Amino acid sequence: MADVKNILKNMTIEEKIGQLMQQNANVFIKTDAQITGKQFNNGYTQDELSNIGSVLNFKSFSEVKQLQEEHLKNDRNKIPMSFMMDVIHGYRTIYPIPLALGCSFDPDLVTRCTKMASKEATAGGVHITFTPMVDYVRDARWGRVMETCGEDPLLNGIMGAAQVKAFQGNSLREKGTMATCVKHFAAYGGAEAGKDYNTVELSRHVLREYYLPAYKACIDAGAKMVMPSFNSLDGIPATMNKWLMKQVLKDEWGFNGVTISDYNAIGEFLKHGIFDNEKDAAKAAFSAECDIEMISNTYLHHLKELIEEGVFTEQQLDEAVLRVLELKEELGLFEDPYRGVTEEDEQTAFLTPDSRTLVRKAAEECAVLLKNDGILPLSKDVRKIALIGPLADNNQIKGFWACHGRDDECVTVKEGVSALVPNAEITVVKGCGNLFDDYDRSGFDEAVKAAASADVVVLCLGEPQNYSGEGNSRLDIVLPGVQDELAAAVCEVNPNTVAVTFSGRPLSFARLSNNVKAILHMWFPGTEGGNAAASLLFGIANPCGKLSMSFPYSVGQCPIYYNHLNTGRPKRDDSRYYGYCSNYIDGPNLPFYSFGYGLSYANFVYEGLELSSDKLTSSGAIEAVITVKNDSGLDGKETVMLYMRDLVASTARPIQQLIAFEKVEIKAGQTKQIKFNITESMLRFWNDKDELVSEKGRFWLSTGYADHLIFTKEFELI
Ligand code: NOJ
C-alpha cells in the first residue's frame with residue numbers, strides 16, 4: 001500500500017493543485033511549440049501538464065497507457081493519473097438506456113449489465129465512471145431523462161445503488177471493477193420547462209421528498225465520488241452551493257469521498273452572473289469543497305494565490321488532495337498504474353457472445369408493450385411483411401450515452417426480423433426522410449403500396465438518437481416530422497399494422513395509438529435492439545417492461561408525475577370537464593400511459609391484497625400479501641407493485657406513492673402470492689420543520705399501477 005500521506009508531505013502547492021485538475025486527453029497532444037521546448041498548443045506549461053491528476057475522454061487502453069507512461073516519466077512524485085469516462089449504458093456492447101432499464105424493474109438485470117460494462121470499460125483503461133445518473137425527472141421535454149431510471153425516487157435509488165455495487169464490486173483492487181461518481185447533485189432534472197442547464201427552483205420539501213433520496217441511496221451503497229450539477233438552486237450554482245455540498249452531502253449524509261465539478265461548471269459561475277472573475281469562482285467552489293475541477297482552470301490559476309492570501313489554509317488544500325490520492329490508492333493505481341489491464345484484454349473483452357446475449361435479454365426485458373389489440377405476437381408463418389418507417393433498417397438505435405458503442409455494430413429491426421422469419425418475404429420502405437424531422441412525403445406512395453400488399457405491417461418509428469441526451473431538449477414530444485401521417489396513411493390500407501417505437505424520452509402517442517393495433521416501445525435498446533424487437537414481435541420473448549416514466553397525453557401536461565398531491569380541488573374522475581377544479585378544459589389530467597403501465601402476452605389477474613393487521617406500531621410490521629394469477633397459456637413476468645397513501649398528515653402527501661415492488665415469474669395457469677413487509681420507516685416524510693418523520697393515523701395500501709390502483713386496504717399507524 002502506498003503511503004499517500006507521506007507522498008502528500010513532499011508535494012509542492014502546484015503539484016497539489018494539479019491533482020485537483022481534470023482535462024481531456026487531447027490536451028496532452030504535443031504540437032510544434034513543444035518541440036521548441038516552450039509551451040503546448042493548449043496553453044499549459046510542461047510542469048502544469050505533468051501535474052494534472054485525472055483525464056477524461058480518451059479513446060482506448062493504448063492511449064491510456066501511453067499517457068500514463070509519459071506522465072509517470074515526468075511526475076517526480078510518481079502519482080498515476082486516474083482515467084474517467086461516462087460509462088452510462090455500456091462501453092462497447094450497449095444495453096438499453098437507463099430510462100429503459102428502469103422499466104425492467106429488475107435490479108438484478110441492471111447488476112448483470114453493469115458488471116459486463118465494467119469489464120469492458122476497465123479493459124478500455126477506465127478507472128472511474130461518471131455513473132450512476134439518478135436525477136429525478138418529471139418533464140419529458142428534458143433530453144437527459146434518458147439517463148435516469150425515471151419518475152419514482154424509490155426505483156431510481158434502487159437502480160442507482162445496484163449500479164454502484166456492480167461497478168465497484170467488493171474491492172476496487174479486483175480486476176474489472178471501477179469507482180463510481182453519482183450525479184448530478186442536485187436536482188438537475190428539475191430544469192424549468194425541461195430545458196437543459198436551466199434554472200431549478202424547488203422547495204426544500206420537494207427536494208427532500210423526491211429529488212434527494214436517489215443520490216443518498218447511491219452514497220449509502222458506497223459511491224466514491226459525487227458530481228454537483230450545472231444548475232443553480234435557490235439562485236446558487238450547485239457546485240458552490242454550500243447547503244447542498246456541505247450540509248446535506250457531508251454533514252447529514254456523511255459522504256467523505258471525492259467531489260468533482262461538471263464540465264467547465266466552475267468557469268460557468270461567470271455566465272450565471274455570480275462573479276465577474278475566475279478567482280472568485282475558484283474561491284466559491286473550493287469553499288463548497290468541490291475537490292476536482294473539470295476542464296476550467298480556475299483552481300490552476302488562483303488557488304495558490306488564495307492560499308497565500310490566507311483565504312484558504314494549505315491544510316484545506318491537503319484535505320482535498322488527500323481524498324483524491326486515497327481514491328487512487330484504493331484503485332490500486334500506485335501499485336499498478338494500469339490496474340492489471342493489458343492491450344490483449346482490449347482485443348478480447350468487447351462484444352463477446354455472452355455480452356450480446358445479455359444485452360439482447362436486457363432489451364427484451366426493458367421494452368414496454370403499450371397497446372395490443374390482439375395482433376401480437378405475430379405468427380412466424382406470416383408470408384409477407386412490410387417494414388415501414390425511418391427505423392426499419394436503421395442501426396442508429398444505441399442511444400446518446402453509448403460510450404464507444406458503434407452504430408455499425410447494432411442489429412436493425414430488419415436484420416432481427418429476417419433472422420427470425422427467414423422464409424417471410426420482407427419489404428423495407430423508409431417512407432420518410434432519415435432525418436425524421438423533415439417533412440418530405442414523397443415516400444408515402446411507396447410505403448402505402450408496400451403496406452397494401454403485405455399480410456402485416458411493422459411500422460418502425462421514433463426519434464433520432466441525438467434528440468435526447470445532453471443538450472437535447474424538445475419543445476414538443478410528438479413523433480418528429482411526418483411519421484404520424486405516415487402511420488395513418490399505412491393503416492388506412494392495412495389495418496394489420498403494429499408500431500415498434502424508439503426514443504430517449506416518453507412521447508405523446510395519442511395519434512399513433514388511434515391508428516395502429518399495437519405499440520411496442522423499445523426505447524433505445526442498444527447493440528442487440530433489432531433482435532430483441534423481433535423476439536418480442538414474434539412471441540419468442542414475452543414483453544414484461546412497465547413504464548418508469550409516464551407518457552403524457554400532450555406536451556402541455558409536462559411536468560407530469562404520478563405521485564402528485566391531491567390539491568384542494570381535485571378533478572372529479574367521472575367528468576371530462578368540471579368547473580373550478582384542478583384540470584384542463586381541453587384535455588385530460590391523466591397521462592396517456594401512466595407510470596407502472598405495461599402489457600404482456602400473458603394475462604395477469606390480481607385476485608386480492610390482504611394485510612396481516614390493520615394496526616401498525618412504530619417497532620412492528622404488517623405483512624401485505626398480493627395474490628396474482630397468470631390466467632393464460634403463456635409463462636410471463638409481472639412486476640407487482642405496492643402503493644401507499646397517507647390520508648391525513650401535517651404536510652400534504654401524494655395520492656399514490658410506490659413503496660415496494662417485486663418482479664416475479666408466473667408460469668401459465670399458476671397463482672403466486674407476493675409478500676411485502678410494511679414498517680414505520682416506509683411511512684416517513686419531510687415535514688415543515690425539515691425533519692423526516694412519520695405521523696400516526698390512517699394509511700391506504702393498494703396494488704395495480706399508478707392511476708389504476710386496486711384492492712385498497714386501510715391500516716392505522718398507532
Ligand atoms: C457533462 C455532463 O453533464 C456529465 O454528465 C458528464 O459526466 C460530463 N460532461 C463528462 O463527460
# chains A, B, ... in the order shown; residues from 1 in each chain; ligands from 1

call {"tool": "closest_atom_pairs", "arguments": {"of": "chain A", "to": "ligand 1", "cutoff": "10 Å", "atoms": "only C-alpha atoms and all ligand atoms", "output": "CSV"}}
result
residue,atom,partner,partner_atom_place_in_ligand_line,distance
A:Asn24,CA,ligand 1,11 (O),9.4
A:Leu56,CA,ligand 1,11 (O),7.2
A:Asn57,CA,ligand 1,11 (O),7.2
A:Met84,CA,ligand 1,10 (C),8.5
A:Met85,CA,ligand 1,11 (O),6.6
A:Asp86,CA,ligand 1,7 (O),5.5
A:Val87,CA,ligand 1,7 (O),9.0
A:Ile88,CA,ligand 1,7 (O),9.2
A:Thr129,CA,ligand 1,7 (O),8.1
A:Phe130,CA,ligand 1,7 (O),5.0
A:Thr131,CA,ligand 1,7 (O),7.6
A:Pro132,CA,ligand 1,5 (O),9.5
A:Met133,CA,ligand 1,5 (O),7.4
A:Arg144,CA,ligand 1,3 (O),9.1
A:Glu147,CA,ligand 1,5 (O),9.0
A:Cys181,CA,ligand 1,7 (O),8.6
A:Val182,CA,ligand 1,7 (O),9.4
A:Lys183,CA,ligand 1,5 (O),7.0
A:His184,CA,ligand 1,5 (O),6.9
A:Tyr188,CA,ligand 1,3 (O),9.3
A:Asp196,CA,ligand 1,3 (O),9.6
A:Tyr197,CA,ligand 1,3 (O),8.8
A:Met227,CA,ligand 1,7 (O),7.9
A:Pro228,CA,ligand 1,3 (O),9.5
A:Ser229,CA,ligand 1,3 (O),7.3
A:Phe230,CA,ligand 1,3 (O),7.2
A:Ile260,CA,ligand 1,7 (O),9.7
A:Ser261,CA,ligand 1,8 (C),8.8
A:Asp262,CA,ligand 1,8 (C),5.6
A:Tyr263,CA,ligand 1,9 (N),4.9
A:Asn264,CA,ligand 1,1 (C),8.5
A:Ala265,CA,ligand 1,1 (C),8.9
A:Met294,CA,ligand 1,10 (C),8.2
A:Ile295,CA,ligand 1,10 (C),9.4
A:Trp401,CA,ligand 1,5 (O),9.4
A:Cys403,CA,ligand 1,11 (O),9.9
A:Gly469,CA,ligand 1,3 (O),9.4
A:Glu470,CA,ligand 1,3 (O),6.7
A:Gly471,CA,ligand 1,3 (O),8.9

call {"tool": "residues_around", "arguments": {"residues": "Val134 (chain A)", "least_positions_apart": "2", "cutoff": "7 Å", "atoms": "only C-alpha atoms", "output": "ChimeraX atom specification"}}
result
/A:132,136,148-149,156,160,183,214-215

call {"tool": "closest_residue", "arguments": {"among": "A:Gly697, A:Pro591, A:Gly125, A:Gly443", "to": "Met178 (chain A)", "atoms": "only C-alpha atoms"}}
result
A:Gly125

call {"tool": "closest_residue", "arguments": {"among": "A:Gly389, A:Gly608, A:Pro559, A:Gly222", "to": "Val490 (chain A)", "atoms": "only C-alpha atoms"}}
result
A:Gly389

call {"tool": "atom_distance", "arguments": {"atom1": "CA of Cys432 (chain A)", "atom2": "CA of Ala402 (chain A)"}}
result
25.9 Å

call {"tool": "closest_residue", "arguments": {"among": "A:Ala281, A:Cys410, A:Ile307, A:Val206", "to": "Pro654 (chain A)", "atoms": "only C-alpha atoms"}}
result
A:Val206

call {"tool": "closest_residue", "arguments": {"among": "A:Ser618, A:Ser694, A:Ser632, A:Asn423", "to": "Val648 (chain A)", "atoms": "only C-alpha atoms"}}
result
A:Ser694

call {"tool": "residues_around", "arguments": {"residues": "Arg204 (chain A)", "least_positions_apart": "6", "cutoff": "10 Å", "atoms": "only C-alpha atoms", "output": "list in words"}}
result
Tyr211, Leu212, Asp234, Trp686, Asp688 and Asp690 of chain A

call {"tool": "write_last_selection", "arguments": {"atoms": "N, CA, C and O atoms", "output": "PDB file, in the first residue's frame"}}
result
ATOM      1  N   TYR A 211     -36.321  14.504  -4.897  1.00  0.00           N
ATOM      2  CA  TYR A 211     -35.085  14.635  -5.674  1.00  0.00           C
ATOM      3  C   TYR A 211     -33.852  14.049  -4.978  1.00  0.00           C
ATOM      4  O   TYR A 211     -32.987  13.488  -5.630  1.00  0.00           O
ATOM      5  N   LEU A 212     -33.764  14.225  -3.667  1.00  0.00           N
ATOM      6  CA  LEU A 212     -32.525  13.818  -2.992  1.00  0.00           C
ATOM      7  C   LEU A 212     -32.396  12.320  -2.687  1.00  0.00           C
ATOM      8  O   LEU A 212     -31.278  11.806  -2.638  1.00  0.00           O
ATOM      9  N   ASP A 234     -31.926  27.688  -5.658  1.00  0.00           N
ATOM     10  CA  ASP A 234     -32.063  28.905  -4.837  1.00  0.00           C
ATOM     11  C   ASP A 234     -31.125  29.995  -5.372  1.00  0.00           C
ATOM     12  O   ASP A 234     -30.564  30.781  -4.601  1.00  0.00           O
ATOM     13  N   TRP A 686     -40.895  14.337   4.884  1.00  0.00           N
ATOM     14  CA  TRP A 686     -40.231  15.548   5.397  1.00  0.00           C
ATOM     15  C   TRP A 686     -41.291  16.566   5.773  1.00  0.00           C
ATOM     16  O   TRP A 686     -42.064  17.014   4.931  1.00  0.00           O
ATOM     17  N   ASP A 688     -42.680  20.258   7.770  1.00  0.00           N
ATOM     18  CA  ASP A 688     -42.336  21.667   7.520  1.00  0.00           C
ATOM     19  C   ASP A 688     -41.215  22.169   8.424  1.00  0.00           C
ATOM     20  O   ASP A 688     -40.793  23.322   8.322  1.00  0.00           O
ATOM     21  N   ASP A 690     -38.380  20.513   8.362  1.00  0.00           N
ATOM     22  CA  ASP A 690     -37.247  19.860   7.728  1.00  0.00           C
ATOM     23  C   ASP A 690     -36.803  18.619   8.512  1.00  0.00           C
ATOM     24  O   ASP A 690     -35.607  18.328   8.618  1.00  0.00           O
TER      25      ASP A 690
END

call {"tool": "closest_residue", "arguments": {"among": "A:His205, A:Lys271, A:Lys371, A:Lys119", "to": "Asn514 (chain A)", "atoms": "only C-alpha atoms"}}
result
A:Lys371

call {"tool": "atom_distance", "arguments": {"atom1": "CA of Gly18 (chain A)", "atom2": "CA of Leu270 (chain A)"}}
result
22.4 Å

call {"tool": "residues_around", "arguments": {"residues": "Thr427 (chain A)", "least_positions_apart": "6", "cutoff": "12 Å", "atoms": "only C-alpha atoms", "output": "list in words"}}
result
Arg383, Lys384, Ile385, Ala386, Leu387, Ile388, Gly389, Ala392, Asp393, Lys414, Val417, Ser418, Glu446, Ala447, Val448, Lys449, Ala450, Ala451, Ala452, Ser453, Ala454, Asp455, Val456, Val457, Val458 and Leu459 of chain A

call {"tool": "atom_distance", "arguments": {"atom1": "CA of Arg505 (chain A)", "atom2": "CA of Gly235 (chain A)"}}
result
27.8 Å

call {"tool": "select_by_dssp", "arguments": {"residues": "region 170-206 of chain A", "states": "strand (DSSP E or B)", "output": "list in words"}}
result
Ala179, Thr180, Cys181, Val182, Lys183, His184, Phe185 and Val200 of chain A

call {"tool": "write_last_selection", "arguments": {"atoms": "N, CA and C atoms", "output": "compact mmCIF listing (two decimals), in the first residue's frame"}}
result
# COMPACT_ATOMS: atom_id res chain seq x y z
N ALA A 179 -14.49 2.69 -9.87
CA ALA A 179 -15.18 3.54 -8.91
C ALA A 179 -16.32 4.27 -9.62
N THR A 180 -17.34 4.65 -8.85
CA THR A 180 -18.49 5.35 -9.45
C THR A 180 -18.57 6.79 -8.95
N CYS A 181 -19.27 7.59 -9.72
CA CYS A 181 -19.47 9.00 -9.37
C CYS A 181 -20.96 9.31 -9.54
N VAL A 182 -21.64 9.54 -8.45
CA VAL A 182 -23.07 9.83 -8.51
C VAL A 182 -23.27 11.25 -9.04
N LYS A 183 -24.26 11.41 -9.89
CA LYS A 183 -24.50 12.74 -10.45
C LYS A 183 -25.98 12.92 -10.74
N HIS A 184 -26.44 14.09 -11.02
CA HIS A 184 -25.81 15.41 -10.90
C HIS A 184 -26.46 16.02 -9.68
N PHE A 185 -25.63 16.26 -8.69
CA PHE A 185 -26.11 16.63 -7.38
C PHE A 185 -26.26 18.16 -7.29
N VAL A 200 -33.23 25.78 -11.65
CA VAL A 200 -34.08 24.88 -10.87
C VAL A 200 -34.56 25.63 -9.64

call {"tool": "residues_around", "arguments": {"residues": "Met240 (chain A)", "least_positions_apart": "5", "cutoff": "6 Å", "atoms": "only C-alpha atoms", "output": "PyMOL selection string"}}
result
chain A and resi 284-285+288

call {"tool": "decode", "arguments": {"residues": "region 145-160 of chain A", "atoms": "all heavy atoms", "output": "tab-separated table (two decimals), in the first residue's frame"}}
result
chain	number	residue	atom	x	y	z
A	145	VAL	N	-33.68	12.90	-19.59
A	145	VAL	CA	-34.50	11.89	-18.90
A	145	VAL	C	-34.02	10.49	-19.29
A	145	VAL	O	-34.19	9.54	-18.53
A	145	VAL	CB	-36.02	12.05	-19.18
A	145	VAL	CG1	-36.55	13.39	-18.71
A	145	VAL	CG2	-36.36	11.81	-20.64
A	146	MET	N	-33.40	10.38	-20.47
A	146	MET	CA	-32.92	9.07	-20.92
A	146	MET	C	-31.86	8.46	-19.99
A	146	MET	O	-31.67	7.26	-19.97
A	146	MET	CB	-32.33	9.17	-22.33
A	146	MET	CG	-31.19	10.13	-22.41
A	146	MET	SD	-29.74	9.68	-23.38
A	146	MET	CE	-29.35	8.04	-23.00
A	147	GLU	N	-31.19	9.32	-19.21
A	147	GLU	CA	-30.07	8.83	-18.39
A	147	GLU	C	-30.49	8.38	-17.00
A	147	GLU	O	-29.67	7.89	-16.24
A	147	GLU	CB	-29.04	9.95	-18.21
A	147	GLU	CG	-28.24	10.26	-19.42
A	147	GLU	CD	-27.42	11.51	-19.21
A	147	GLU	OE1	-26.52	11.51	-18.35
A	147	GLU	OE2	-27.68	12.51	-19.91
A	148	THR	N	-31.74	8.62	-16.64
A	148	THR	CA	-32.17	8.28	-15.28
A	148	THR	C	-33.08	7.07	-15.33
A	148	THR	O	-33.50	6.65	-16.40
A	148	THR	CB	-32.96	9.42	-14.62
A	148	THR	OG1	-34.36	9.20	-14.82
A	148	THR	CG2	-32.62	10.75	-15.21
A	149	CYS	N	-33.43	6.57	-14.16
A	149	CYS	CA	-34.40	5.47	-14.14
A	149	CYS	C	-35.81	5.99	-13.88
A	149	CYS	O	-36.69	5.24	-13.50
A	149	CYS	CB	-33.98	4.39	-13.15
A	149	CYS	SG	-32.56	3.48	-13.75
A	150	GLY	N	-36.02	7.30	-14.02
A	150	GLY	CA	-37.38	7.77	-14.14
A	150	GLY	C	-37.98	8.57	-13.02
A	150	GLY	O	-37.29	9.26	-12.25
A	151	GLU	N	-39.28	8.44	-12.90
A	151	GLU	CA	-40.13	9.37	-12.17
A	151	GLU	C	-40.41	8.95	-10.73
A	151	GLU	O	-41.18	9.60	-10.03
A	151	GLU	CB	-41.40	9.48	-13.03
A	151	GLU	CG	-42.68	9.81	-12.46
A	151	GLU	CD	-43.80	9.68	-13.52
A	151	GLU	OE1	-43.57	9.83	-14.72
A	151	GLU	OE2	-44.92	9.40	-13.10
A	152	ASP	N	-39.78	7.87	-10.30
A	152	ASP	CA	-40.04	7.43	-8.94
A	152	ASP	C	-38.74	7.41	-8.13
A	152	ASP	O	-37.76	6.77	-8.53
A	152	ASP	CB	-40.65	6.03	-8.96
A	152	ASP	CG	-40.92	5.57	-7.55
A	152	ASP	OD1	-41.78	6.18	-6.89
A	152	ASP	OD2	-40.23	4.65	-7.08
A	153	PRO	N	-38.74	8.08	-6.97
A	153	PRO	CA	-37.50	8.14	-6.18
A	153	PRO	C	-37.01	6.77	-5.71
A	153	PRO	O	-35.80	6.51	-5.70
A	153	PRO	CB	-37.88	8.99	-4.96
A	153	PRO	CG	-39.17	9.65	-5.30
A	153	PRO	CD	-39.83	8.84	-6.37
A	154	LEU	N	-37.92	5.90	-5.35
A	154	LEU	CA	-37.53	4.59	-4.84
A	154	LEU	C	-36.85	3.77	-5.94
A	154	LEU	O	-35.74	3.23	-5.76
A	154	LEU	CB	-38.77	3.85	-4.30
A	154	LEU	CG	-38.53	2.44	-3.78
A	154	LEU	CD1	-37.92	2.50	-2.38
A	154	LEU	CD2	-39.84	1.63	-3.74
A	155	LEU	N	-37.50	3.70	-7.10
A	155	LEU	CA	-36.97	2.93	-8.22
A	155	LEU	C	-35.60	3.48	-8.66
A	155	LEU	O	-34.65	2.74	-8.87
A	155	LEU	CB	-37.96	2.99	-9.39
A	155	LEU	CG	-37.56	2.27	-10.67
A	155	LEU	CD1	-37.44	0.76	-10.45
A	155	LEU	CD2	-38.56	2.54	-11.80
A	156	ASN	N	-35.54	4.81	-8.75
A	156	ASN	CA	-34.28	5.46	-9.15
A	156	ASN	C	-33.15	5.11	-8.18
A	156	ASN	O	-32.02	4.82	-8.58
A	156	ASN	CB	-34.51	6.98	-9.11
A	156	ASN	CG	-34.06	7.65	-10.38
A	156	ASN	OD1	-33.16	7.17	-11.04
A	156	ASN	ND2	-34.67	8.76	-10.69
A	157	GLY	N	-33.45	5.15	-6.89
A	157	GLY	CA	-32.45	4.87	-5.86
A	157	GLY	C	-32.01	3.41	-5.90
A	157	GLY	O	-30.81	3.10	-5.79
A	158	ILE	N	-32.96	2.50	-6.06
A	158	ILE	CA	-32.61	1.07	-6.07
A	158	ILE	C	-31.73	0.76	-7.29
A	158	ILE	O	-30.72	0.05	-7.19
A	158	ILE	CB	-33.90	0.21	-6.07
A	158	ILE	CG1	-34.57	0.29	-4.70
A	158	ILE	CG2	-33.60	-1.24	-6.46
A	158	ILE	CD1	-35.91	-0.41	-4.58
A	159	MET	N	-32.11	1.30	-8.44
A	159	MET	CA	-31.32	1.03	-9.65
A	159	MET	C	-29.94	1.69	-9.57
A	159	MET	O	-28.94	1.14	-10.03
A	159	MET	CB	-32.07	1.53	-10.89
A	159	MET	CG	-33.38	0.80	-11.14
A	159	MET	SD	-33.22	-1.00	-11.14
A	159	MET	CE	-34.55	-1.45	-12.25
A	160	GLY	N	-29.90	2.90	-9.00
A	160	GLY	CA	-28.61	3.60	-8.85
A	160	GLY	C	-27.69	2.82	-7.92
A	160	GLY	O	-26.51	2.61	-8.23
